[in-house]
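One structure below.
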Amino acid sequence: MENTIMLNEKIYWVGKVDNRDVPFHRLTLTKGTTYNSYLLMTEKPTVIDTVDISFGREFVENLRKLIDLDKIKYIIINHTEPDHSGALGSLASKAKNAAIVCTKPAVEELKEMYKLHNREFIVVGDGDTLDIGGKTLKFIETPYLHTEETMVTYCEEDKILFPCDIFSTHIATNEYFNDLSKEDIKDDFIGYYKLIMHPHRRYVQDMIKKIKELDIKMIAPSHGFILRDNVESLINIYDYMSKNTDTQKKSLILHSTITGNTRKIANLLKENFEKQNIVSEVMDVNKAQMDEVMKAIDEADAVFFGTSTRYGDMIGNMEDILKALKGLTLEQKLGAAFGSYGWSGEAIEVMQDYLTETNFSVLNTSDIIKSTGMTNIELPLRIRFSPKEDNLKAIEDLVIYTSDLLLSRP
Ligand code: FEO
């Protein structure tokens with residue numbers, strides 16, 4: 001143990017300070033970081049999150065100095081990324097009596113990552129509680145903050161929130177608590193928010209609504225400083241930044257439809273853009289004059305092109321419009337293709353080909369995965385027949401991604 005750091009008489013910080021230049025999400029964390037793990041020394045001792053896999057053995061040996069590992073009853077995993085779950089394999093092999101507590105989507109990931117197929121898992125969801133003998137832990141799901149399986153854990157008696165990545169800072173601090181920091185951490189706190197959380201800001205708002213019901217005296221995240229000073233104002237920074245979406249940006253959704261299904265997708269896109277406070281217009285290209293369409297494209301910041309497929313090709317005026325766009329200066333505009341189809345939906349792919357020959361910045365799946373980690377959006381957006389319940393999430397996420405890109409541009 002580097003030090004014995006205590007949040008109170010029963011809760012120990014058992015993490016690792018990583019002073020290296022840490023490679024992270026294609027950046028280098030020049031201030032290093034910490035992997036904060038916590039041991040709750042109750043009648044049913046509980047570990048919340050672990051540390052990066054590089055420090056797994058050291059982590060387990062340090063824990064052993066504080067507790068007989070056989071006595072650990074629960075290991076809570078709030079988030080499965082390996083900088084927090086990395087030592088789970090080492091810990092679980094020694095803490096043989098511990099059940100692993102996590103959300104449903106996390107179970108399969110952890111079983112696969114750490115070969116824990118025969119281990120006891122306790123699946124928890126929104127509002128579930130766990131009695132750990134003298135303390136009660138409450139779990140709140142926070143999907144997409146910043147991956148699907150994430151949750152936060154709240155200790156009711158101590159009023160401490162353990163939110164893993166949320167409310168973190170990437171600083172290799174040996175001061176541990178924000179009130180002990182010699183420097184103002186606000187810029188690092190905001191920088192972390194912008195990098196990791198802001199792409200998921202709608203989910204930040206969902207999280208804020210849920211935690212507003214809790215009385216939080218301390219936030220013990222899994223990177224950087226433990227927050228016990230100005231807690232409310234730090235939460236308000238997340239609230240303010242995730243709501244601050246006032247924008248003059250415009251989206252235009254052009255479509256050409258046979259049965260009306262492509263129009264339904266267009267209308268869903270518009271609804272979602274409006275939820276993001278982005279002005280949105282749906283235009284049927286077969287009911288508008290060419291100059292009207294070109295003027296609307298000129299005024300838009302993002303243009304979605306939708307078509308049905310007939311005999312393997314686009315219908316109506318869509319092809320003429322795409323041909324007219326070739327060679328125009330459009331680099332500042334985002335473009336994307338979508339459509340409903342019944343059999344093969346070739347026209348959506350043909351339209352995508354046309355689009356990539358224009359100067360639009362064409363949205364693509366690879367960029368979405370690399371920048372957000374979301375894997376449920378495939379572009380061009382193809383929906384068989386009418387949009388169904390399971391298409392709604394992908395449409396919503398596509399619009400959130402596009403809106404964030406628009407907002408990040410001058
Ligand atoms: Fe700190 Fe998402 O890992």
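Letters A, B, ... go to the chains of the structure tokens in the order shown; residues in each chain start at 1; ligands are counted from 1 in the same order.
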- Message: Neighbouring residues of ligand 1 are defined here as those with any atom at most 6 Å from a ligand atom, counting only C-alpha atoms and all ligand atoms; list them as a PyMOL selection string.
- Response: chain A and resi 81+83+165
- Tell me, as a PyMOL selection string, which residues lie within 9 Å of segment 324-336 of chain A, counting only C-alpha atoms; anything in the same chain fewer than 3 positions away does not count. chain A and resi 294+298+300-306+319-321+352+354-364+379-381+402+405-406+409
Pull N, CA and C atoms from the residues just selected and write them as a PDB file, in the first residue's frame.
ATOM      1  N   MET A 294     -31.560  23.138 -53.404  1.00  0.00           N
ATOM      2  CA  MET A 294     -30.157  23.570 -53.350  1.00  0.00           C
ATOM      3  C   MET A 294     -29.983  24.719 -52.348  1.00  0.00           C
ATOM      4  N   ASP A 298     -27.640  24.656 -49.029  1.00  0.00           N
ATOM      5  CA  ASP A 298     -26.660  25.715 -48.793  1.00  0.00           C
ATOM      6  C   ASP A 298     -26.777  26.272 -47.362  1.00  0.00           C
ATOM      7  N   ALA A 300     -27.926  24.630 -44.700  1.00  0.00           N
ATOM      8  CA  ALA A 300     -27.872  23.609 -43.636  1.00  0.00           C
ATOM      9  C   ALA A 300     -26.429  23.307 -43.236  1.00  0.00           C
ATOM     10  N   ASP A 301     -26.275  22.843 -41.993  1.00  0.00           N
ATOM     11  CA  ASP A 301     -24.956  22.409 -41.511  1.00  0.00           C
ATOM     12  C   ASP A 301     -24.805  20.894 -41.620  1.00  0.00           C
ATOM     13  N   ALA A 302     -25.925  20.186 -41.610  1.00  0.00           N
ATOM     14  CA  ALA A 302     -25.896  18.726 -41.800  1.00  0.00           C
ATOM     15  C   ALA A 302     -27.042  18.357 -42.730  1.00  0.00           C
ATOM     16  N   VAL A 303     -26.758  17.512 -43.712  1.00  0.00           N
ATOM     17  CA  VAL A 303     -27.809  17.108 -44.650  1.00  0.00           C
ATOM     18  C   VAL A 303     -27.884  15.586 -44.678  1.00  0.00           C
ATOM     19  N   PHE A 304     -29.074  15.064 -44.407  1.00  0.00           N
ATOM     20  CA  PHE A 304     -29.313  13.622 -44.495  1.00  0.00           C
ATOM     21  C   PHE A 304     -30.096  13.364 -45.782  1.00  0.00           C
ATOM     22  N   PHE A 305     -29.647  12.357 -46.520  1.00  0.00           N
ATOM     23  CA  PHE A 305     -30.282  12.008 -47.792  1.00  0.00           C
ATOM     24  C   PHE A 305     -30.932  10.634 -47.639  1.00  0.00           C
ATOM     25  N   GLY A 306     -32.253  10.572 -47.896  1.00  0.00           N
ATOM     26  CA  GLY A 306     -32.942   9.295 -47.730  1.00  0.00           C
ATOM     27  C   GLY A 306     -33.671   8.882 -48.993  1.00  0.00           C
ATOM     28  N   GLU A 319     -31.265  11.363 -57.416  1.00  0.00           N
ATOM     29  CA  GLU A 319     -30.009  11.203 -58.154  1.00  0.00           C
ATOM     30  C   GLU A 319     -29.584  12.533 -58.803  1.00  0.00           C
ATOM     31  N   ASP A 320     -30.553  13.262 -59.360  1.00  0.00           N
ATOM     32  CA  ASP A 320     -30.224  14.563 -60.001  1.00  0.00           C
ATOM     33  C   ASP A 320     -29.636  15.526 -58.973  1.00  0.00           C
ATOM     34  N   ILE A 321     -30.188  15.495 -57.776  1.00  0.00           N
ATOM     35  CA  ILE A 321     -29.688  16.405 -56.729  1.00  0.00           C
ATOM     36  C   ILE A 321     -28.242  16.042 -56.376  1.00  0.00           C
ATOM     37  N   GLN A 352     -25.062   6.437 -51.048  1.00  0.00           N
ATOM     38  CA  GLN A 352     -23.842   6.645 -50.244  1.00  0.00           C
ATOM     39  C   GLN A 352     -22.637   6.857 -51.166  1.00  0.00           C
ATOM     40  N   TYR A 354     -22.637   8.075 -54.208  1.00  0.00           N
ATOM     41  CA  TYR A 354     -22.732   9.439 -54.756  1.00  0.00           C
ATOM     42  C   TYR A 354     -22.266  10.465 -53.710  1.00  0.00           C
ATOM     43  N   LEU A 355     -22.708  10.245 -52.513  1.00  0.00           N
ATOM     44  CA  LEU A 355     -22.398  11.207 -51.442  1.00  0.00           C
ATOM     45  C   LEU A 355     -20.891  11.296 -51.205  1.00  0.00           C
ATOM     46  N   THR A 356     -20.223  10.156 -51.240  1.00  0.00           N
ATOM     47  CA  THR A 356     -18.776  10.184 -50.987  1.00  0.00           C
ATOM     48  C   THR A 356     -18.017  10.836 -52.147  1.00  0.00           C
ATOM     49  N   GLU A 357     -18.676  10.958 -53.293  1.00  0.00           N
ATOM     50  CA  GLU A 357     -18.020  11.661 -54.407  1.00  0.00           C
ATOM     51  C   GLU A 357     -18.230  13.170 -54.341  1.00  0.00           C
ATOM     52  N   THR A 358     -19.083  13.614 -53.434  1.00  0.00           N
ATOM     53  CA  THR A 358     -19.229  15.066 -53.222  1.00  0.00           C
ATOM     54  C   THR A 358     -18.194  15.505 -52.172  1.00  0.00           C
ATOM     55  N   ASN A 359     -18.219  16.772 -51.836  1.00  0.00           N
ATOM     56  CA  ASN A 359     -17.271  17.283 -50.835  1.00  0.00           C
ATOM     57  C   ASN A 359     -17.875  17.346 -49.428  1.00  0.00           C
ATOM     58  N   PHE A 360     -19.018  16.686 -49.218  1.00  0.00           N
ATOM     59  CA  PHE A 360     -19.552  16.615 -47.843  1.00  0.00           C
ATOM     60  C   PHE A 360     -18.566  15.882 -46.937  1.00  0.00           C
ATOM     61  N   SER A 361     -18.564  16.222 -45.642  1.00  0.00           N
ATOM     62  CA  SER A 361     -17.886  15.379 -44.648  1.00  0.00           C
ATOM     63  C   SER A 361     -18.879  14.268 -44.319  1.00  0.00           C
ATOM     64  N   VAL A 362     -18.681  13.121 -44.930  1.00  0.00           N
ATOM     65  CA  VAL A 362     -19.701  12.061 -44.832  1.00  0.00           C
ATOM     66  C   VAL A 362     -19.508  11.280 -43.523  1.00  0.00           C
ATOM     67  N   LEU A 363     -20.598  11.171 -42.756  1.00  0.00           N
ATOM     68  CA  LEU A 363     -20.538  10.424 -41.492  1.00  0.00           C
ATOM     69  C   LEU A 363     -20.321   8.946 -41.783  1.00  0.00           C
ATOM     70  N   ASN A 364     -19.524   8.309 -40.939  1.00  0.00           N
ATOM     71  CA  ASN A 364     -19.302   6.876 -41.154  1.00  0.00           C
ATOM     72  C   ASN A 364     -19.144   6.147 -39.824  1.00  0.00           C
ATOM     73  N   LEU A 379     -23.741   3.059 -40.675  1.00  0.00           N
ATOM     74  CA  LEU A 379     -24.030   3.995 -41.763  1.00  0.00           C
ATOM     75  C   LEU A 379     -23.552   3.414 -43.087  1.00  0.00           C
ATOM     76  N   PRO A 380     -24.316   3.611 -44.176  1.00  0.00           N
ATOM     77  CA  PRO A 380     -25.583   4.326 -44.193  1.00  0.00           C
ATOM     78  C   PRO A 380     -26.623   3.626 -43.330  1.00  0.00           C
ATOM     79  N   LEU A 381     -27.591   4.406 -42.861  1.00  0.00           N
ATOM     80  CA  LEU A 381     -28.638   3.880 -41.972  1.00  0.00           C
ATOM     81  C   LEU A 381     -29.683   3.164 -42.833  1.00  0.00           C
ATOM     82  N   THR A 402     -24.302  13.287 -34.321  1.00  0.00           N
ATOM     83  CA  THR A 402     -24.228  14.354 -35.330  1.00  0.00           C
ATOM     84  C   THR A 402     -24.327  15.726 -34.659  1.00  0.00           C
ATOM     85  N   LEU A 405     -21.132  16.692 -33.044  1.00  0.00           N
ATOM     86  CA  LEU A 405     -20.152  17.136 -34.050  1.00  0.00           C
ATOM     87  C   LEU A 405     -20.458  18.570 -34.482  1.00  0.00           C
ATOM     88  N   LEU A 406     -21.728  18.845 -34.719  1.00  0.00           N
ATOM     89  CA  LEU A 406     -22.109  20.197 -35.138  1.00  0.00           C
ATOM     90  C   LEU A 406     -21.747  21.225 -34.065  1.00  0.00           C
ATOM     91  N   ARG A 409     -18.176  22.358 -33.816  1.00  0.00           N
ATOM     92  CA  ARG A 409     -17.619  23.124 -34.945  1.00  0.00           C
ATOM     93  C   ARG A 409     -17.933  24.606 -34.788  1.00  0.00           C
TER      94      ARG A 409
END
- Task: Fewer than 5 positions away in the same chain doesn't count, so skip those; otherwise give me all residues within 10 Å of Leu7 of chain A, counting only C-alpha atoms, as JSON, numbers by chain.
- Result: {"A": [12, 13, 38, 39, 40, 158, 160, 176, 177, 218, 220, 226, 228]}
Limited to N, CA, C and O atoms, could you put the picked residues into a file as a CSV table (one decimal), in the first residue's frame?
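And here's again39.csv as it stands now:
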chain,number,residue,atom,x,y,z
A,12,TYR,N,-11.5,2.6,2.8
A,12,TYR,CA,-10.1,2.8,2.4
A,12,TYR,C,-10.0,3.0,0.9
A,12,TYR,O,-10.6,2.3,0.2
A,13,TRP,N,-9.2,3.9,0.6
A,13,TRP,CA,-8.7,4.0,-0.8
A,13,TRP,C,-7.7,3.0,-1.0
A,13,TRP,O,-6.7,2.9,-0.2
A,38,TYR,N,-11.8,1.0,-3.9
A,38,TYR,CA,-12.2,1.3,-2.5
A,38,TYR,C,-12.5,0.0,-1.8
A,38,TYR,O,-13.2,-0.9,-2.3
A,39,LEU,N,-12.0,-0.1,-0.5
A,39,LEU,CA,-12.4,-1.2,0.3
A,39,LEU,C,-13.3,-0.8,1.4
A,39,LEU,O,-12.9,0.1,2.2
A,40,LEU,N,-14.5,-1.3,1.5
A,40,LEU,CA,-15.4,-1.0,2.6
A,40,LEU,C,-15.4,-2.1,3.6
A,40,LEU,O,-15.8,-3.2,3.3
A,158,ASP,N,-23.1,6.7,4.5
A,158,ASP,CA,-22.0,7.7,4.4
A,158,ASP,C,-22.3,8.8,3.4
A,158,ASP,O,-21.5,9.7,3.3
A,160,ILE,N,-21.9,8.7,0.2
A,160,ILE,CA,-20.7,8.8,-0.7
A,160,ILE,C,-21.2,8.1,-2.0
A,160,ILE,O,-21.7,7.0,-2.0
A,176,TYR,N,-4.9,13.2,-3.1
A,176,TYR,CA,-6.1,12.3,-3.1
A,176,TYR,C,-7.4,13.1,-3.0
A,176,TYR,O,-8.4,12.7,-3.6
A,177,PHE,N,-7.5,14.1,-2.1
A,177,PHE,CA,-8.8,14.8,-1.9
A,177,PHE,C,-8.8,16.2,-2.5
A,177,PHE,O,-7.7,16.9,-2.4
A,218,MET,N,-20.0,13.3,-0.6
A,218,MET,CA,-18.6,13.0,-1.1
A,218,MET,C,-18.8,12.2,-2.4
A,218,MET,O,-19.6,11.4,-2.5
A,220,ALA,N,-16.5,9.7,-4.8
A,220,ALA,CA,-15.2,9.0,-4.8
A,220,ALA,C,-15.1,8.3,-6.2
A,220,ALA,O,-15.5,7.1,-6.4
A,226,ILE,N,-10.6,12.6,-5.1
A,226,ILE,CA,-11.9,12.3,-4.4
A,226,ILE,C,-12.4,13.7,-4.0
A,226,ILE,O,-11.7,14.5,-3.5
A,228,ARG,N,-14.6,16.1,-1.9
A,228,ARG,CA,-15.4,16.3,-0.7
A,228,ARG,C,-15.6,17.8,-0.4
A,228,ARG,O,-16.1,18.1,0.6
- Item | Selection near Lys31 of chain A, 10 Å with only C-alpha atoms, sequence-local residues under 6 positions removed, as number ranges by chain | A: 18-22, 169-173, 188
- Task: Extract, using only C-alpha atoms, all DNA, RNA and protein residues at most 12 Å from Lys217 of chain A, discarding same-chain residues fewer than 2 positions from it, and format them as JSON, numbers by chain.
- Result: {"A": [7, 154, 155, 156, 157, 158, 159, 160, 161, 162, 211, 214, 215, 219, 220, 226, 227, 228, 229, 230, 231, 232, 233, 234, 235]}
Dump as a CSV table (one decimal), in the first residue's frame, selection limited to N, CA and C atoms:
chain,number,residue,atom,x,y,z
A,7,LEU,N,-11.3,7.3,3.6
A,7,LEU,CA,-12.4,8.3,3.4
A,7,LEU,C,-13.1,8.5,4.7
A,154,TYR,N,-23.9,4.0,-4.6
A,154,TYR,CA,-24.1,5.1,-3.6
A,154,TYR,C,-24.2,4.4,-2.2
A,155,CYS,N,-23.4,4.8,-1.3
A,155,CYS,CA,-23.4,4.3,0.1
A,155,CYS,C,-24.4,5.2,0.9
A,156,GLU,N,-25.5,4.6,1.3
A,156,GLU,CA,-26.6,5.4,1.9
A,156,GLU,C,-26.2,6.0,3.2
A,157,GLU,N,-25.5,5.2,4.0
A,157,GLU,CA,-25.1,5.7,5.4
A,157,GLU,C,-24.1,6.8,5.3
A,158,ASP,N,-23.1,6.7,4.5
A,158,ASP,CA,-22.0,7.7,4.4
A,158,ASP,C,-22.3,8.8,3.4
A,159,LYS,N,-23.3,8.6,2.6
A,159,LYS,CA,-23.7,9.6,1.6
A,159,LYS,C,-22.5,9.8,0.6
A,160,ILE,N,-21.9,8.7,0.2
A,160,ILE,CA,-20.7,8.8,-0.7
A,160,ILE,C,-21.2,8.1,-2.0
A,161,LEU,N,-20.9,8.8,-3.1
A,161,LEU,CA,-21.2,8.3,-4.4
A,161,LEU,C,-19.9,7.7,-5.0
A,162,PHE,N,-19.9,6.5,-5.5
A,162,PHE,CA,-18.8,5.9,-6.2
A,162,PHE,C,-19.2,5.8,-7.7
A,211,ILE,N,-29.3,11.2,-9.9
A,211,ILE,CA,-28.5,11.4,-8.6
A,211,ILE,C,-28.9,12.7,-7.9
A,214,LEU,N,-30.3,12.0,-4.6
A,214,LEU,CA,-29.5,11.5,-3.5
A,214,LEU,C,-28.9,12.7,-2.7
A,215,ASP,N,-28.6,12.4,-1.5
A,215,ASP,CA,-27.9,13.4,-0.6
A,215,ASP,C,-26.4,13.0,-0.7
A,219,ILE,N,-17.9,12.5,-3.4
A,219,ILE,CA,-17.9,11.7,-4.6
A,219,ILE,C,-16.5,11.0,-4.7
A,220,ALA,N,-16.5,9.7,-4.8
A,220,ALA,CA,-15.2,9.0,-4.8
A,220,ALA,C,-15.1,8.3,-6.2
A,226,ILE,N,-10.6,12.6,-5.1
A,226,ILE,CA,-11.9,12.3,-4.4
A,226,ILE,C,-12.4,13.7,-4.0
A,227,LEU,N,-13.7,13.9,-4.3
A,227,LEU,CA,-14.3,15.2,-4.2
A,227,LEU,C,-15.1,15.3,-2.9
A,228,ARG,N,-14.6,16.1,-1.9
A,228,ARG,CA,-15.4,16.3,-0.7
A,228,ARG,C,-15.6,17.8,-0.4
A,229,ASP,N,-15.1,18.6,-1.3
A,229,ASP,CA,-15.3,20.1,-1.2
A,229,ASP,C,-16.0,20.5,-2.5
A,230,ASN,N,-17.0,21.4,-2.3
A,230,ASN,CA,-17.7,22.0,-3.5
A,230,ASN,C,-18.4,20.9,-4.3
A,231,VAL,N,-18.9,19.9,-3.6
A,231,VAL,CA,-19.5,18.7,-4.4
A,231,VAL,C,-20.6,19.2,-5.3
A,232,GLU,N,-21.5,20.0,-4.7
A,232,GLU,CA,-22.7,20.4,-5.5
A,232,GLU,C,-22.3,21.2,-6.7
A,233,SER,N,-21.3,22.1,-6.5
A,233,SER,CA,-21.0,22.9,-7.7
A,233,SER,C,-20.3,22.1,-8.8
A,234,LEU,N,-19.6,21.1,-8.4
A,234,LEU,CA,-18.9,20.2,-9.4
A,234,LEU,C,-20.0,19.4,-10.1
A,235,ILE,N,-21.0,18.9,-9.4
A,235,ILE,CA,-22.1,18.2,-10.1
A,235,ILE,C,-22.8,19.2,-11.1
- Using only C-alpha atoms, which of A:Pro105, A:Ala337, A:His200, A:His223 sits nearest Lys243 of chain A? A:His200
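With distances restricted to only C-alpha atoms, A:Lys182 is the closest residue to Phe225 of chain A from A:His84, A:Arg64, A:Lys182, A:Arg119.
Proximity to Thr147 of chain A was assessed for A:Ser366, A:Gly373, A:Asn286, A:Lys275 counting only C-alpha atoms; the smallest distance is recorded for A:Gly373.
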